[in-house]
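*Asks:* I have a structure here, written as structure tokens, and I will follow up with some questions on it.
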Amino acid sequence: QVQLVESGGGLVQAGGSLRLSCAASGRTFSNYAWFRQAPGVDLEFVAANRWSGSSTYYADPVKGRFTISRDNAKNTVYLQMNSLKPEDTADYYCAANDQTFVTNNVYFKTASWYGYWGQGTQVTVSS
């Protein structure tokens, strides 16, 4: 059974940094994404990385602060989060799929498009 396992969450002060990791058990996926969910709020797209590794997508609130990257040799995707703000506080989830033929980039930002999900890691940013 394929698993995605996130790590790297924690408590950090505003302005600080964290790096989240998501390791896929035994395989590499074509596409990876990070979503987040704060208490009482719907699941929100954060960032995505396309199969070629050359295309990345970010939600407007995190552009310029977060970076998604991948290491296929380690079957791992990362989310480097800098200049963290209290509003970044949420549970962060890694998602993945094997789609290679994509007709519209909006799919990368759509949670239902991803078939594999991790269990989540909590990020808390104090003010």
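In the structure tokens, chains take the letters A, B, ... in the order shown, each chain's residues start at 1, and ligands count up from 1 in the order shown.
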As a PyMOL selection string, list the residues of chain A assigned to strand (DSSP E) by DSSP on the backbone atoms of this structure.
*Replies:* chain A and resi 4-7+10-13+18-24+31-37+44-49+56-58+66-71+76-81+90-97+116-117+121-126
*Asks:* Using 9 Å as the limit and counting only C-alpha atoms, can you tabulate each residue of region 6-46 of chain A that touches region 52-73 of chain A, with its shortest atom-to-atom distance in Å and the two atoms involved, as a Markdown table?
*Replies:*
| residue | atom | partner | partner_atom | distance |
| --- | --- | --- | --- | --- |
| A:Arg27 | CA | A:Asn72 | CA | 8.6 |
| A:Thr28 | CA | A:Asn72 | CA | 6.1 |
| A:Phe29 | CA | A:Asn72 | CA | 8.5 |
| A:Ser30 | CA | A:Ser52 | CA | 7.6 |
| A:Asn31 | CA | A:Ser52 | CA | 8.4 |
| A:Tyr32 | CA | A:Arg70 | CA | 8.5 |
| A:Ala33 | CA | A:Ile68 | CA | 8.2 |
| A:Trp34 | CA | A:Ile68 | CA | 8.4 |
| A:Glu44 | CA | A:Ala59 | CA | 8.7 |
| A:Phe45 | CA | A:Ala59 | CA | 6.4 |
| A:Val46 | CA | A:Ala59 | CA | 5.1 |
*Asks:* Identify, on the basis of only C-alpha atoms, every residue whose closest approach to Glu6 (chain A) does not exceed 8 Å; exclude the query and any residue fewer than 2 positions from it along the same chain; express the result as a list in words.
*Replies:*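 Those residues are Leu4, Gly8, Leu20, Ser21, Cys22, Ala23, Tyr93, Cys94, Gly118, Gln119, Gly120 and Thr121 of chain A.
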*Asks:* Using the selection just defined, write its residues with N, CA, C and O atoms as a PDB file, in the first residue's frame.
*Replies:*
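Wrote selection.pdb, looks like this:
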ATOM      1  N   LEU A   4       1.974   8.218   1.910  1.00  0.00           N
ATOM      2  CA  LEU A   4       2.653   9.501   1.944  1.00  0.00           C
ATOM      3  C   LEU A   4       2.771   9.890   3.411  1.00  0.00           C
ATOM      4  O   LEU A   4       1.764   9.926   4.119  1.00  0.00           O
ATOM      5  N   GLY A   8       8.100  17.451   9.716  1.00  0.00           N
ATOM      6  CA  GLY A   8       8.704  18.773   9.708  1.00  0.00           C
ATOM      7  C   GLY A   8       7.857  19.880  10.297  1.00  0.00           C
ATOM      8  O   GLY A   8       8.326  21.018  10.422  1.00  0.00           O
ATOM      9  N   LEU A  20       8.842  21.374   5.440  1.00  0.00           N
ATOM     10  CA  LEU A  20       8.041  20.160   5.501  1.00  0.00           C
ATOM     11  C   LEU A  20       8.553  19.154   4.478  1.00  0.00           C
ATOM     12  O   LEU A  20       8.991  19.530   3.387  1.00  0.00           O
ATOM     13  N   SER A  21       8.494  17.894   4.846  1.00  0.00           N
ATOM     14  CA  SER A  21       8.872  16.816   3.941  1.00  0.00           C
ATOM     15  C   SER A  21       7.710  15.855   3.787  1.00  0.00           C
ATOM     16  O   SER A  21       6.918  15.672   4.719  1.00  0.00           O
ATOM     17  N   CYS A  22       7.630  15.255   2.622  1.00  0.00           N
ATOM     18  CA  CYS A  22       6.602  14.250   2.352  1.00  0.00           C
ATOM     19  C   CYS A  22       7.279  13.114   1.601  1.00  0.00           C
ATOM     20  O   CYS A  22       7.694  13.281   0.449  1.00  0.00           O
ATOM     21  N   ALA A  23       7.386  11.977   2.261  1.00  0.00           N
ATOM     22  CA  ALA A  23       8.051  10.825   1.675  1.00  0.00           C
ATOM     23  C   ALA A  23       7.011   9.815   1.183  1.00  0.00           C
ATOM     24  O   ALA A  23       6.108   9.420   1.931  1.00  0.00           O
ATOM     25  N   TYR A  93      -1.069  19.145   4.429  1.00  0.00           N
ATOM     26  CA  TYR A  93      -1.220  17.826   3.845  1.00  0.00           C
ATOM     27  C   TYR A  93      -0.492  17.734   2.505  1.00  0.00           C
ATOM     28  O   TYR A  93      -0.592  18.638   1.669  1.00  0.00           O
ATOM     29  N   CYS A  94       0.188  16.619   2.326  1.00  0.00           N
ATOM     30  CA  CYS A  94       0.824  16.307   1.059  1.00  0.00           C
ATOM     31  C   CYS A  94      -0.147  15.478   0.224  1.00  0.00           C
ATOM     32  O   CYS A  94      -0.855  14.618   0.761  1.00  0.00           O
ATOM     33  N   GLY A 118      -1.342  12.284   2.473  1.00  0.00           N
ATOM     34  CA  GLY A 118      -0.692  11.976   3.736  1.00  0.00           C
ATOM     35  C   GLY A 118      -1.619  12.262   4.898  1.00  0.00           C
ATOM     36  O   GLY A 118      -2.743  12.735   4.723  1.00  0.00           O
ATOM     37  N   GLN A 119      -1.117  12.016   6.091  1.00  0.00           N
ATOM     38  CA  GLN A 119      -1.936  12.165   7.292  1.00  0.00           C
ATOM     39  C   GLN A 119      -1.919  13.579   7.841  1.00  0.00           C
ATOM     40  O   GLN A 119      -2.721  13.913   8.713  1.00  0.00           O
ATOM     41  N   GLY A 120      -1.007  14.391   7.359  1.00  0.00           N
ATOM     42  CA  GLY A 120      -0.951  15.784   7.779  1.00  0.00           C
ATOM     43  C   GLY A 120       0.104  16.036   8.837  1.00  0.00           C
ATOM     44  O   GLY A 120       0.451  15.151   9.621  1.00  0.00           O
ATOM     45  N   THR A 121       0.600  17.256   8.851  1.00  0.00           N
ATOM     46  CA  THR A 121       1.531  17.693   9.884  1.00  0.00           C
ATOM     47  C   THR A 121       1.133  19.104  10.301  1.00  0.00           C
ATOM     48  O   THR A 121       0.768  19.934   9.466  1.00  0.00           O
TER      49      THR A 121
END
*Asks:* Restricting the calculation to only C-alpha atoms, which member of A:Ala111, A:Ala48, A:Val2, A:Leu18 is positioned closest to Asp88 (chain A)?
*Replies:*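 Ranking A:Ala111, A:Ala48, A:Val2, A:Leu18 by distance to Asp88 (chain A), first place goes to A:Leu18.
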*Asks:* Find the residues around Gln37 (chain A) up to 9 Å (only C-alpha atoms counted), leave out those fewer than 4 positions away in its own chain, and share them as JSON, numbers by chain.
*Replies:* {"A": [41, 42, 43, 44, 45, 89, 90, 91, 92, 93]}
*Asks:* Provide the CA of Ser83 (chain A) to CA of Pro39 (chain A) distance in Å, to one decimal place.
*Replies:*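 Between CA of Ser83 (chain A) and CA of Pro39 (chain A) the gap is 21.3 Å.
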*Asks:* Neighbours of Leu84 (chain A) within 7 Å (only C-alpha atoms; same-chain residues fewer than 3 positions away dropped), as a list in words?
*Replies:*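 Surrounding residues, per the criterion: Ala14, Gly15, Gly16, Ser17, Met81, Asp88 and Val125 of chain A.
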*Asks:* If I take CA of Gly40 (chain A) and CA of Tyr116 (chain A), how far is one from the other in Å, to one decimal?
*Replies:*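 Between CA of Gly40 (chain A) and CA of Tyr116 (chain A) the gap is 23.2 Å.
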*Asks:* Find the residues near Gly9 (chain A): any atom within 6 Å, counting only C-alpha atoms, skip ones fewer than 2 places away on the same chain, and give them as a VMD selection string.
*Replies:* chain A and resid 7 121 to 123
*Asks:* Give the helix (DSSP H, G or I) residues of chain A, as DSSP finds them on the backbone, and put them as a VMD selection string.
*Replies:* chain A and resid 60 to 62 72 to 74 86 to 88 105 to 109 111 to 113
*Asks:* Using C-alpha atoms, can you write the selected residues to a file as a PDB file, in the first residue's frame?
*Replies:*
ATOM      1  CA  ASP A  60      -1.210  33.894  -3.880  1.00  0.00           C
ATOM      2  CA  PRO A  61      -0.857  34.128  -0.061  1.00  0.00           C
ATOM      3  CA  VAL A  62       2.378  32.100  -0.127  1.00  0.00           C
ATOM      4  CA  ASN A  72      12.913  11.820  -7.015  1.00  0.00           C
ATOM      5  CA  ALA A  73      15.842   9.710  -5.827  1.00  0.00           C
ATOM      6  CA  LYS A  74      14.393   9.929  -2.324  1.00  0.00           C
ATOM      7  CA  PRO A  86       0.323  33.548  12.102  1.00  0.00           C
ATOM      8  CA  GLU A  87      -2.203  33.079   9.285  1.00  0.00           C
ATOM      9  CA  ASP A  88      -0.058  30.210   7.962  1.00  0.00           C
ATOM     10  CA  ASN A 105      -3.282  23.838 -14.952  1.00  0.00           C
ATOM     11  CA  VAL A 106      -6.206  24.500 -12.635  1.00  0.00           C
ATOM     12  CA  TYR A 107      -6.230  20.783 -11.875  1.00  0.00           C
ATOM     13  CA  PHE A 108      -3.009  21.151  -9.909  1.00  0.00           C
ATOM     14  CA  LYS A 109      -4.869  23.371  -7.435  1.00  0.00           C
ATOM     15  CA  ALA A 111      -7.833  18.702  -4.058  1.00  0.00           C
ATOM     16  CA  SER A 112     -10.134  16.109  -5.620  1.00  0.00           C
ATOM     17  CA  TRP A 113      -7.673  15.597  -8.498  1.00  0.00           C
TER      18      TRP A 113
END
*Asks:* Give the answer as one residue: which of A:Thr110, A:Thr124, A:Asn75, A:Ser25 has the shortest atom-to-atom distance to Gly10 (chain A), using only C-alpha atoms?
*Replies:*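 Under the stated criterion, the closest residue is A:Thr124.
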